[in-house]
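Below is query-v7.tsv, which holds TSV, C-alpha atoms.
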```tsv
chain	number	residue	atom	x	y	z
A	1	MET	CA	20.76	8.83	-4.25
A	2	THR	CA	19.07	11.59	-6.09
A	3	ASN	CA	15.60	10.28	-6.28
A	4	ASP	CA	13.37	13.22	-6.93
A	5	MET	CA	9.86	11.91	-6.66
A	6	THR	CA	7.98	14.75	-8.21
A	7	GLY	CA	4.27	14.52	-8.48
A	8	PRO	CA	1.96	13.02	-5.89
A	9	ASP	CA	2.60	9.32	-5.75
A	10	ASN	CA	5.36	9.51	-8.36
A	11	GLY	CA	2.57	9.46	-10.88
A	12	ARG	CA	1.65	5.86	-10.27
A	13	LYS	CA	-1.84	6.02	-8.85
A	14	PRO	CA	-4.47	6.98	-11.39
A	15	GLY	CA	-6.57	9.12	-9.09
A	16	ASP	CA	-3.64	11.11	-7.83
A	17	ALA	CA	-1.47	11.48	-10.87
A	18	PRO	CA	-0.88	15.09	-11.80
A	19	ASP	CA	-1.98	15.38	-15.32
A	20	LYS	CA	-1.97	19.11	-15.52
A	21	GLU	CA	-2.83	20.29	-18.96
A	22	GLY	CA	-5.30	17.54	-19.78
A	23	ARG	CA	-7.55	17.82	-16.78
A	24	LEU	CA	-7.35	21.52	-16.71
A	25	LYS	CA	-8.76	22.01	-20.16
A	26	ALA	CA	-11.41	19.42	-19.65
A	27	GLU	CA	-12.79	21.01	-16.52
A	28	GLU	CA	-12.18	24.68	-16.86
A	29	GLY	CA	-13.66	25.39	-20.23
A	30	PRO	CA	-12.53	28.12	-22.56
A	31	VAL	CA	-13.70	31.06	-20.49
A	32	SER	CA	-11.64	30.64	-17.33
A	33	ALA	CA	-8.60	28.91	-18.77
A	34	GLU	CA	-7.46	32.23	-20.29
A	35	ILE	CA	-3.88	33.22	-19.70
A	36	ALA	CA	-3.56	32.89	-15.95
A	37	LEU	CA	-3.16	29.15	-15.65
A	38	PRO	CA	-0.49	28.36	-18.25
A	39	GLU	CA	1.43	31.33	-16.97
A	40	LEU	CA	1.05	30.12	-13.41
A	41	LEU	CA	2.26	26.64	-14.28
A	42	ALA	CA	5.25	28.05	-16.12
A	43	GLY	CA	6.05	30.32	-13.19
A	44	LEU	CA	5.86	27.43	-10.75
A	45	GLU	CA	8.14	25.30	-12.91
A	46	ARG	CA	10.63	28.10	-12.80
A	47	LEU	CA	10.27	28.34	-9.03
A	48	ASP	CA	10.97	24.62	-8.77
A	49	ARG	CA	14.08	25.01	-10.90
A	50	ALA	CA	15.36	27.93	-8.85
A	51	TYR	CA	15.07	25.90	-5.67
A	52	ASP	CA	16.38	22.59	-6.98
A	53	ASP	CA	19.39	22.67	-4.69
A	54	GLU	CA	17.40	23.54	-1.59
A	55	ALA	CA	14.92	20.81	-2.36
A	56	GLY	CA	17.66	18.20	-2.44
A	57	PRO	CA	17.17	15.76	0.42
A	58	PRO	CA	19.62	15.81	3.33
A	59	PRO	CA	21.97	12.85	3.73
A	60	LEU	CA	20.42	9.68	5.08
A	61	GLY	CA	22.49	9.71	8.27
A	62	MET	CA	21.39	13.23	9.10
A	63	LEU	CA	17.75	12.38	8.56
A	64	GLN	CA	18.10	9.33	10.71
A	65	ALA	CA	19.75	11.25	13.53
A	66	ARG	CA	16.99	13.82	13.36
A	67	LEU	CA	14.33	11.13	13.53
A	68	ILE	CA	15.98	9.45	16.50
A	69	ALA	CA	16.21	12.76	18.38
A	70	ALA	CA	12.58	13.51	17.63
A	71	SER	CA	11.33	10.10	18.70
A	72	GLU	CA	13.31	10.40	21.93
A	73	ARG	CA	11.62	13.74	22.61
A	74	HIS	CA	8.29	12.23	21.74
A	75	ARG	CA	8.84	9.26	24.03
A	76	ARG	CA	9.75	11.49	26.95
A	77	ARG	CA	6.72	13.68	26.39
A	78	ALA	CA	4.45	10.64	26.27
A	79	LEU	CA	5.94	9.30	29.49
A	80	ARG	CA	5.41	12.60	31.29
A	81	GLU	CA	1.83	12.71	30.10
A	82	TRP	CA	1.26	9.14	31.22
A	83	LEU	CA	2.55	9.89	34.72
A	84	LEU	CA	0.43	13.01	34.94
A	85	PHE	CA	-2.55	11.00	33.82
A	86	TRP	CA	-2.08	8.48	36.62
A	87	LEU	CA	-1.65	11.21	39.19
A	88	VAL	CA	-4.89	12.91	38.18
A	89	SER	CA	-6.60	9.55	37.77
A	90	LEU	CA	-5.89	8.40	41.29
A	91	PHE	CA	-7.46	11.58	42.63
A	92	ILE	CA	-10.51	11.19	40.45
A	93	LEU	CA	-10.83	7.51	41.22
A	94	GLY	CA	-10.61	8.23	44.94
A	95	PHE	CA	-13.22	10.95	44.71
A	96	SER	CA	-15.64	8.89	42.70
A	97	LEU	CA	-15.38	5.88	44.99
A	98	LEU	CA	-15.90	8.22	47.90
A	99	ALA	CA	-18.89	9.77	46.17
A	100	ILE	CA	-20.56	6.42	45.49
A	101	THR	CA	-20.42	5.49	49.14
A	102	SER	CA	-21.22	8.79	50.81
A	103	ALA	CA	-23.17	10.83	48.29
A	104	PRO	CA	-24.67	8.66	45.53
A	105	PRO	CA	-26.92	11.43	44.15
A	106	VAL	CA	-23.92	13.65	43.58
A	107	TYR	CA	-22.09	10.79	41.89
A	108	TRP	CA	-24.94	9.94	39.53
A	109	THR	CA	-25.54	13.60	38.70
A	110	VAL	CA	-21.92	13.97	37.70
A	111	GLN	CA	-22.10	10.76	35.70
A	112	GLY	CA	-25.10	12.13	33.85
A	113	LEU	CA	-23.42	15.44	33.19
A	114	VAL	CA	-20.20	14.01	31.76
A	115	PRO	CA	-21.66	12.59	28.52
A	116	ILE	CA	-23.79	15.69	28.06
A	117	ALA	CA	-20.74	17.91	28.54
A	118	GLY	CA	-18.87	15.70	26.09
A	119	ILE	CA	-21.56	16.01	23.46
A	120	ILE	CA	-21.74	19.78	23.90
A	121	ALA	CA	-17.97	20.07	23.63
A	122	ALA	CA	-17.97	17.89	20.50
A	123	ALA	CA	-20.70	19.99	18.95
A	124	MET	CA	-18.87	23.23	19.73
A	125	ARG	CA	-15.68	21.99	18.15
A	126	PRO	CA	-16.73	20.33	14.92
A	127	GLY	CA	-14.19	18.67	12.74
A	128	ARG	CA	-11.37	16.27	13.30
A	129	LYS	CA	-11.22	16.23	17.06
A	130	GLY	CA	-14.86	15.58	17.75
A	131	ARG	CA	-15.83	12.85	20.11
A	132	GLY	CA	-17.14	10.13	17.93
A	133	GLU	CA	-17.26	10.55	14.21
A	134	ARG	CA	-18.10	13.96	12.93
A	135	ARG	CA	-17.01	13.26	9.43
B	136	MET	CA	2.53	2.88	-5.28
B	137	SER	CA	5.50	0.67	-6.12
B	138	ASP	CA	6.06	-2.60	-4.33
B	139	GLU	CA	9.43	-1.36	-3.21
B	140	GLU	CA	7.88	1.63	-1.53
B	141	LEU	CA	5.13	-0.46	-0.01
B	142	GLY	CA	7.74	-2.73	1.49
B	143	MET	CA	9.62	0.23	2.85
B	144	ILE	CA	6.46	1.58	4.45
B	145	ARG	CA	5.77	-1.77	6.11
B	146	GLN	CA	9.30	-1.91	7.45
B	147	ALA	CA	9.09	1.66	8.70
B	148	GLN	CA	5.82	0.94	10.43
B	149	HIS	CA	7.48	-1.91	12.27
B	150	GLY	CA	10.12	0.39	13.64
B	151	ASP	CA	12.86	0.18	11.02
B	152	ARG	CA	14.46	3.60	11.30
B	153	LEU	CA	16.62	3.21	8.24
B	154	ALA	CA	13.61	2.41	6.07
B	155	LEU	CA	11.82	5.37	7.56
B	156	ALA	CA	14.70	7.73	6.84
B	157	GLN	CA	14.99	6.33	3.33
B	158	LEU	CA	11.29	6.85	2.76
B	159	PHE	CA	11.45	10.46	3.88
B	160	GLN	CA	14.55	11.04	1.83
B	161	ASN	CA	12.76	9.83	-1.27
B	162	HIS	CA	9.86	12.18	-0.69
B	163	TYR	CA	11.83	15.12	0.63
B	164	SER	CA	12.05	17.06	-2.62
B	165	PHE	CA	8.41	16.62	-3.39
B	166	LEU	CA	7.40	17.75	0.08
B	167	TYR	CA	9.71	20.75	0.13
B	168	LYS	CA	8.63	21.89	-3.30
B	169	TYR	CA	5.00	21.59	-2.37
B	170	LEU	CA	5.49	23.62	0.77
B	171	LEU	CA	7.53	26.20	-1.08
B	172	LYS	CA	4.61	26.81	-3.41
B	173	ALA	CA	2.02	26.65	-0.68
B	174	THR	CA	3.85	29.07	1.61
B	175	MET	CA	5.77	31.15	-0.95
B	176	ASP	CA	8.34	31.53	1.83
B	177	PRO	CA	11.50	29.38	1.60
B	178	GLN	CA	12.36	29.63	5.29
B	179	LEU	CA	8.88	28.68	6.37
B	180	ALA	CA	8.78	25.87	3.81
B	181	GLU	CA	11.97	24.49	5.28
B	182	ASP	CA	10.63	24.67	8.85
B	183	VAL	CA	7.34	23.06	8.01
B	184	THR	CA	9.15	20.34	6.06
B	185	GLN	CA	11.08	19.41	9.20
B	186	ASP	CA	7.93	19.48	11.33
B	187	THR	CA	6.11	17.37	8.80
B	188	ILE	CA	8.76	14.67	8.77
B	189	VAL	CA	8.67	14.42	12.55
B	190	ARG	CA	4.89	14.35	12.61
B	191	CYS	CA	4.77	11.72	9.90
B	192	MET	CA	7.12	9.57	11.90
B	193	GLU	CA	4.90	9.88	14.95
B	194	LYS	CA	1.81	9.01	12.97
B	195	MET	CA	3.47	6.39	10.81
B	196	THR	CA	1.42	3.52	12.22
B	197	SER	CA	-1.81	5.27	11.32
B	198	TYR	CA	-0.92	5.47	7.63
B	199	ASN	CA	-3.19	2.89	6.04
B	200	GLY	CA	-2.51	3.22	2.36
B	201	SER	CA	-5.92	4.66	1.52
B	202	SER	CA	-4.11	7.51	-0.23
B	203	SER	CA	-0.61	7.54	-1.67
B	204	PHE	CA	2.22	8.19	0.75
B	205	SER	CA	3.00	11.56	-0.79
B	206	SER	CA	-0.64	12.63	-0.54
B	207	TRP	CA	-0.59	11.61	3.08
B	208	MET	CA	2.53	13.70	3.71
B	209	ILE	CA	0.98	16.65	1.93
B	210	THR	CA	-2.10	16.35	4.10
B	211	ILE	CA	-0.05	16.48	7.27
B	212	ALA	CA	2.14	19.28	5.92
B	213	THR	CA	-0.88	21.35	4.97
B	214	ARG	CA	-2.44	20.96	8.40
B	215	LEU	CA	0.80	21.98	10.09
B	216	TYR	CA	1.10	25.02	7.86
B	217	ILE	CA	-2.48	26.09	8.51
B	218	ASP	CA	-1.91	25.65	12.23
B	219	ARG	CA	1.05	27.98	12.01
B	220	LEU	CA	-0.93	30.55	10.07
B	221	ARG	CA	-3.59	30.54	12.75
B	222	ARG	CA	-1.09	31.60	15.36
B	223	ARG	CA	-0.09	34.61	13.32
B	224	SER	CA	-1.46	38.12	13.08
B	225	ARG	CA	-2.24	39.86	9.80
B	226	GLU	CA	0.70	42.23	10.09
B	227	GLU	CA	3.06	39.41	10.86
B	228	GLU	CA	1.82	37.55	7.84
B	229	TRP	CA	2.30	40.57	5.65
B	230	ILE	CA	5.87	41.07	6.85
B	231	ARG	CA	6.64	37.39	6.36
B	232	ARG	CA	5.17	37.52	2.88
B	233	GLU	CA	7.41	40.43	1.92
B	234	GLN	CA	10.45	38.65	3.32
B	235	GLY	CA	9.55	35.44	1.57
B	236	MET	CA	9.09	37.14	-1.76
B	237	ARG	CA	12.33	39.06	-1.38
B	238	SER	CA	14.26	35.88	-0.77
B	239	ILE	CA	12.60	34.12	-3.68
B	240	ARG	CA	13.44	37.03	-5.98
B	241	TRP	CA	16.99	36.97	-4.77
B	242	GLN	CA	17.19	33.24	-5.42
B	243	PHE	CA	15.91	33.77	-8.95
B	244	GLU	CA	18.60	36.37	-9.55
B	245	THR	CA	21.43	34.21	-8.27
B	246	LYS	CA	20.23	31.25	-10.32
B	247	GLY	CA	19.83	33.42	-13.39
B	248	GLU	CA	16.20	32.42	-13.66
B	249	GLU	CA	13.83	34.86	-15.29
B	250	TRP	CA	11.39	36.44	-12.84
B	251	SER	CA	7.70	35.84	-13.35
B	252	ASP	CA	5.09	38.29	-12.08
B	253	VAL	CA	2.64	35.46	-11.66
B	254	LEU	CA	4.57	34.40	-8.56
B	255	ASP	CA	4.10	37.82	-7.04
B	256	ALA	CA	0.42	37.58	-7.76
B	257	LEU	CA	0.26	34.05	-6.34
B	258	SER	CA	1.86	35.14	-3.10
B	259	ARG	CA	-0.91	37.71	-2.67
B	260	VAL	CA	-3.65	35.11	-2.99
B	261	SER	CA	-4.75	34.19	0.53
B	262	SER	CA	-3.32	30.93	1.78
B	263	PRO	CA	-6.34	28.59	1.88
B	264	GLN	CA	-7.29	29.61	-1.64
B	265	ARG	CA	-3.72	29.34	-2.82
B	266	ILE	CA	-3.41	25.81	-1.47
B	267	ALA	CA	-6.65	24.71	-3.11
B	268	LEU	CA	-5.59	26.36	-6.35
B	269	LEU	CA	-2.24	24.58	-6.34
B	270	LEU	CA	-3.64	21.20	-5.44
B	271	LYS	CA	-6.20	21.44	-8.20
B	272	HIS	CA	-4.37	23.01	-11.07
B	273	TYR	CA	-0.75	22.21	-10.42
B	274	TYR	CA	-0.99	18.82	-8.73
B	275	GLY	CA	-4.16	17.71	-10.47
B	276	TYR	CA	-6.05	16.40	-7.45
B	277	SER	CA	-9.79	16.01	-7.63
B	278	TYR	CA	-11.98	18.26	-5.47
B	279	GLY	CA	-12.88	15.28	-3.32
B	280	GLU	CA	-9.22	14.58	-2.65
B	281	ILE	CA	-8.54	18.25	-1.94
B	282	GLY	CA	-11.42	18.26	0.51
B	283	LYS	CA	-9.87	15.30	2.28
B	284	ILE	CA	-6.47	16.96	2.40
B	285	LEU	CA	-7.81	20.23	3.79
B	286	GLY	CA	-10.46	18.61	5.98
B	287	ILE	CA	-13.28	20.49	4.25
B	288	PRO	CA	-16.30	19.44	2.16
B	289	GLU	CA	-15.84	18.90	-1.55
B	290	GLY	CA	-17.95	21.93	-2.42
B	291	THR	CA	-15.84	24.19	-0.27
B	292	ALA	CA	-12.70	22.88	-1.93
B	293	LYS	CA	-14.20	23.65	-5.30
B	294	SER	CA	-15.19	27.19	-4.40
B	295	ARG	CA	-11.80	27.84	-2.81
B	296	ALA	CA	-9.94	26.76	-5.91
B	297	ALA	CA	-12.23	28.83	-8.12
B	298	TYR	CA	-11.96	31.85	-5.87
B	299	GLY	CA	-8.20	31.45	-5.71
B	300	LEU	CA	-7.98	31.47	-9.47
B	301	LYS	CA	-10.14	34.57	-9.62
B	302	GLN	CA	-7.99	36.29	-7.03
B	303	LEU	CA	-4.88	35.34	-8.95
B	304	ARG	CA	-6.26	36.87	-12.11
B	305	GLU	CA	-7.19	40.06	-10.37
B	306	GLU	CA	-3.75	40.33	-8.82
B	307	MET	CA	-2.18	39.82	-12.22
B	308	LYS	CA	-4.32	42.52	-13.74
B	309	MET	CA	-3.21	44.90	-11.03
B	310	ASP	CA	0.41	44.18	-11.84
B	311	ASP	CA	-0.06	45.26	-15.44
C	312	MET	CA	-22.69	0.02	40.26
C	313	LYS	CA	-24.97	-0.03	43.27
C	314	GLU	CA	-24.56	2.31	46.19
C	315	GLN	CA	-23.81	-0.17	48.93
C	316	SER	CA	-21.58	0.78	51.77
C	317	SER	CA	-21.95	-2.80	52.97
C	318	MET	CA	-19.88	-4.06	50.07
C	319	PRO	CA	-16.92	-6.16	51.24
C	320	LEU	CA	-13.46	-4.74	50.92
C	321	TRP	CA	-12.40	-7.12	48.19
C	322	ALA	CA	-15.29	-5.94	46.01
C	323	TRP	CA	-14.03	-2.38	46.33
C	324	ALA	CA	-10.59	-3.50	45.34
C	325	VAL	CA	-11.96	-5.31	42.30
C	326	LEU	CA	-14.01	-2.26	41.33
C	327	ALA	CA	-10.98	0.02	41.64
C	328	ALA	CA	-8.90	-2.39	39.56
C	329	VAL	CA	-11.57	-2.57	36.86
C	330	LEU	CA	-11.85	1.21	36.72
C	331	MET	CA	-8.10	1.69	36.58
C	332	THR	CA	-7.77	-0.86	33.80
C	333	GLN	CA	-10.60	0.69	31.84
C	334	GLY	CA	-9.31	4.24	32.24
C	335	ALA	CA	-5.77	3.30	31.32
C	336	LEU	CA	-6.83	1.32	28.26
C	337	LEU	CA	-9.15	4.05	27.04
C	338	PHE	CA	-6.44	6.66	27.54
C	339	ARG	CA	-3.88	4.67	25.60
C	340	ASP	CA	-6.17	3.73	22.76
C	341	ALA	CA	-7.64	7.21	22.38
C	342	ARG	CA	-4.16	8.71	22.43
C	343	ALA	CA	-3.04	6.40	19.65
C	344	ARG	CA	-6.07	7.46	17.64
C	345	GLY	CA	-5.66	11.10	18.63
C	346	ARG	CA	-9.18	11.39	19.99
C	347	TRP	CA	-9.70	13.19	23.26
C	348	HIS	CA	-7.63	10.79	25.32
C	349	TRP	CA	-7.86	12.80	28.52
C	350	PHE	CA	-11.62	12.86	28.38
C	351	TRP	CA	-12.00	9.13	27.78
C	352	GLY	CA	-9.24	8.17	30.19
C	353	LEU	CA	-10.49	10.22	33.11
C	354	TRP	CA	-14.12	9.39	32.59
C	355	GLY	CA	-13.12	5.76	32.35
C	356	MET	CA	-11.74	6.09	35.86
C	357	THR	CA	-15.11	7.02	37.32
C	358	THR	CA	-17.69	4.54	36.10
C	359	PHE	CA	-18.13	1.20	34.38
C	360	PRO	CA	-19.04	0.13	31.72
C	361	LEU	CA	-20.67	3.16	30.08
C	362	PRO	CA	-17.40	4.81	28.91
C	363	THR	CA	-16.21	1.63	27.24
C	364	VAL	CA	-19.55	1.08	25.54
C	365	LEU	CA	-19.76	4.65	24.29
C	366	TYR	CA	-16.14	4.62	23.22
C	367	LEU	CA	-16.70	1.53	21.13
C	368	LEU	CA	-19.89	2.99	19.72
C	369	LEU	CA	-18.62	6.48	18.95
C	370	VAL	CA	-14.95	6.02	18.15
C	371	VAL	CA	-13.88	2.46	17.42
C	372	PHE	CA	-16.84	1.25	15.41
C	373	PRO	CA	-17.22	4.28	13.08
C	374	GLU	CA	-13.49	4.27	12.39
C	375	HIS	CA	-13.61	0.59	11.60
C	376	ARG	CA	-16.52	1.11	9.24
C	377	ARG	CA	-14.85	4.04	7.52
C	378	LYS	CA	-11.71	2.01	6.98
C	379	ARG	CA	-13.71	-0.78	5.41
C	380	LYS	CA	-15.43	1.72	3.16
C	381	GLU	CA	-12.10	3.18	2.07
C	382	ILE	CA	-10.76	-0.24	1.24
C	383	ALA	CA	-13.90	-0.96	-0.76
C	384	GLU	CA	-13.46	2.32	-2.65
C	385	LYS	CA	-9.88	1.45	-3.39
C	386	ASP	CA	-10.88	-1.94	-4.74
C	387	GLU	CA	-13.39	-0.23	-6.95
C	388	LYS	CA	-10.69	2.04	-8.32
C	389	ILE	CA	-8.38	-0.85	-9.01
C	390	ARG	CA	-11.07	-2.83	-10.74
C	391	LYS	CA	-11.89	0.01	-13.10
```
Show the structure stored in the file as structure tokens.
Amino acid sequence: MTNDMTGPDNGRKPGDAPDKEGRLKAEEGPVSAEIALPELLAGLERLDRAYDDEAGPPPLGMLQARLIAASERHRRRALREWLLFWLVSLFILGFSLLAITSAPPVYWTVQGLVPIAGIIAAAMRPGRKGRGERR
Amino acid sequence: MSDEELGMIRQAQHGDRLALAQLFQNHYSFLYKYLLKATMDPQLAEDVTQDTIVRCMEKMTSYNGSSSFSSWMITIATRLYIDRLRRRSREEEWIRREQGMRSIRWQFETKGEEWSDVLDALSRVSSPQRIALLLKHYYGYSYGEIGKILGIPEGTAKSRAAYGLKQLREEMKMDD
Amino acid sequence: MKEQSSMPLWAWAVLAAVLMTQGALLFRDARARGRWHWFWGLWGMTTFPLPTVLYLLLVVFPEHRRKRKEIAEKDEKIRK
């Protein structure tokens, strides 16, 4: 199957369809549209042509084998992480139960600090990984 | 998005490996060609393509159809590429750029394709600007969509694309 | 959670079970969403029910709302 889906969304979704020339002229105006852009588009077309063979998709069986190998790796990694999580958790659980009984002030101080630390960490690392929604 | 593709996505999300492989096969060329232009380095484009396919598989269940499947793949591919760039020093990047351009030139020669200086100039535009430039002017995304893909505000996407175009023009002037 | 060393043993067992369940669930869900799963999981092992409440408030609910907004936007696009 040589199904070369060129263009985002195979040109089916209005918002995403690449409609190069049209949009470009509408938004760029006469000043900036000079020579650079048409030349760039032509150059990129040529680049696409030169790499047509390389861009051909690998056979389905090969892709499938690759996916299976990757998901196996992924599964094993997730399992290891899960085990590590339980190991650490049991320690933490033990400590916190111990803290509630023998040193409540320490326990509640830590409990107060955790959300604060979380908020500080989220603020320091804005973007995708923030705790809660940062965007 | 076609119904056929939508069906394939549903199947893939429910663990059908064949549908998944088929889906990636259909989008492979598009993804590779995008990465080739974004990286201007065939080897790197190939590597990131592989990484992207694996990552897309892992995140398959979180694809919700709010953007087209190819836009979603491009988003993941772009993030992976930027991550790789971050781990690299300036010198390394320069060396890789030279290697990439040499192999592209060589490919042009073997395919009998006429060389275009604009590609040289494009490879010298810094990567974030180059990506924004491509997404805007080659792929025709809106600035809002580009912002979503790059994880940046719309205004930043706009200024990056504009700056990229300016850089490209300056590089082209220097070639003359 | 009150600091009572006079709590019967079964209450401790229940508390530990609740914490373990909470921590494990938070860890799994946050990992699937790719949002700080170690933080939520481990904190979920230490107290109840604050982590769950905050997790719902800061992660689950905003994501839910954003999804609804995206769907609404898509509908808008289709209608046009």
Output as lines of an AutoDock Vina configuration file the centre and edge lengths (Å, one decimal) of the box along x, y and z of the file that holds every listed atom of range 106-120 of chain A after adding 4 Å on each side.
```
center_x = -22.2
center_y = 14.9
center_z = 33.5
size_x = 14.7
size_y = 17.8
size_z = 28.1
```
Computed interatomic separation between CA of Ala296 in chain B and CA of Tyr274 in chain B (Å):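 A separation of 12.3 Å between them.
Across the model, the gap from CA of Arg265 in chain B to CA of Ala173 in chain B is 6.7 Å.
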Do a neighbour search on Thr332 in chain C at 12 Å with all atoms listed in the file, toss out local chain neighbours closer than 2 positions, and write the hits as a list of chain:residue names. A:Trp86, A:Ser89, A:Leu93, C:Val325, C:Leu326, C:Ala327, C:Ala328, C:Val329, C:Leu330, C:Gly334, C:Ala335, C:Leu336, C:Leu337, C:Phe338, C:Arg339, C:Gly352, C:Leu353, C:Gly355, C:Met356, C:Thr357, C:Thr358, C:Phe359, C:Pro360, C:Thr363
Written file, previous selection with C-alpha atoms, as a JSON list (two decimals), keeping the file's coordinate frame:
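Dumped everything to out.json:
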```json
[["chain", "number", "residue", "atom", "x", "y", "z"],
["A", 86, "TRP", "CA", -2.08, 8.48, 36.62],
["A", 89, "SER", "CA", -6.60, 9.55, 37.77],
["A", 93, "LEU", "CA", -10.83, 7.51, 41.22],
["C", 325, "VAL", "CA", -11.96, -5.31, 42.30],
["C", 326, "LEU", "CA", -14.01, -2.26, 41.33],
["C", 327, "ALA", "CA", -10.98, 0.02, 41.64],
["C", 328, "ALA", "CA", -8.90, -2.39, 39.56],
["C", 329, "VAL", "CA", -11.57, -2.57, 36.86],
["C", 330, "LEU", "CA", -11.85, 1.21, 36.72],
["C", 334, "GLY", "CA", -9.31, 4.24, 32.24],
["C", 335, "ALA", "CA", -5.77, 3.30, 31.32],
["C", 336, "LEU", "CA", -6.83, 1.32, 28.26],
["C", 337, "LEU", "CA", -9.15, 4.05, 27.04],
["C", 338, "PHE", "CA", -6.44, 6.66, 27.54],
["C", 339, "ARG", "CA", -3.88, 4.67, 25.60],
["C", 352, "GLY", "CA", -9.24, 8.17, 30.19],
["C", 353, "LEU", "CA", -10.49, 10.22, 33.11],
["C", 355, "GLY", "CA", -13.12, 5.76, 32.35],
["C", 356, "MET", "CA", -11.74, 6.09, 35.86],
["C", 357, "THR", "CA", -15.11, 7.02, 37.32],
["C", 358, "THR", "CA", -17.69, 4.54, 36.10],
["C", 359, "PHE", "CA", -18.13, 1.20, 34.38],
["C", 360, "PRO", "CA", -19.04, 0.13, 31.72],
["C", 363, "THR", "CA", -16.21, 1.63, 27.24]]
```
Can you write out as JSON lines which residues of chain B fall within 12 Å of chain C, alongside each residue's closest atom pair and its distance in Å to one decimal, counting all atoms listed in the file and ordering rows by chain and ascending residue number?
```
{"residue": "B:Glu193", "atom": "CA", "partner": "C:Ala343", "partner_atom": "CA", "distance": 9.9}
{"residue": "B:Lys194", "atom": "CA", "partner": "C:Ala343", "partner_atom": "CA", "distance": 8.7}
{"residue": "B:Met195", "atom": "CA", "partner": "C:Ala343", "partner_atom": "CA", "distance": 11.0}
{"residue": "B:Thr196", "atom": "CA", "partner": "C:Ala343", "partner_atom": "CA", "distance": 9.1}
{"residue": "B:Ser197", "atom": "CA", "partner": "C:Arg344", "partner_atom": "CA", "distance": 7.9}
{"residue": "B:Tyr198", "atom": "CA", "partner": "C:Lys378", "partner_atom": "CA", "distance": 11.3}
{"residue": "B:Asn199", "atom": "CA", "partner": "C:Lys378", "partner_atom": "CA", "distance": 8.6}
{"residue": "B:Gly200", "atom": "CA", "partner": "C:Ile382", "partner_atom": "CA", "distance": 9.0}
{"residue": "B:Ser201", "atom": "CA", "partner": "C:Glu381", "partner_atom": "CA", "distance": 6.4}
{"residue": "B:Ser202", "atom": "CA", "partner": "C:Lys385", "partner_atom": "CA", "distance": 8.9}
{"residue": "B:Ser203", "atom": "CA", "partner": "C:Lys385", "partner_atom": "CA", "distance": 11.2}
```
Which one of A:Pro57, A:Pro104, A:Pro38, A:Gly112 sits closest to chain C if you count all atoms listed in the file?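 Nearest candidate to chain C out of A:Pro57, A:Pro104, A:Pro38, A:Gly112: A:Pro104.
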Within 9 Å of chain A, which residues belong to chain B? Use only C-alpha atoms and report them as a PyMOL selection string. chain B and resi 136-137+152-153+155-157+159-168+171-172+177+181+188-189+192-193+202-206+209+239+242-243+245-254+257+271-277+280+286-287+300-301+303-304+307
Between CA of Leu361 in chain C and CA of Ala117 in chain A, measure the distance and give it in Å to one decimal.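 Going from CA of Leu361 in chain C over to CA of Ala117 in chain A, I get 14.8 Å.
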Of the candidates A:Arg76, A:Val114, A:Ile120, A:Leu83, which shows the shortest atom-to-atom distance to chain C, using all atoms listed in the file?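 Residue with the minimum atom-to-atom distance to chain C: A:Val114.
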Can you work out which one of C:Met318, C:Arg376, C:Val364, C:Val370 has the shortest atom-to-atom distance to chain A, counting all atoms listed in the file? C:Val370
I'd like the contact shell of Gly279 in chain B - 7 Å cut-off, only C-alpha atoms, skipping same-chain residues fewer than 3 positions apart - returned as number ranges by chain. B: 282-283, 289
Check the smallest atom-to-atom distance from each of A:Ile100, A:Ala78, A:Leu84, A:Leu113 to chain C using only C-alpha atoms, then report the winner. A:Ile100
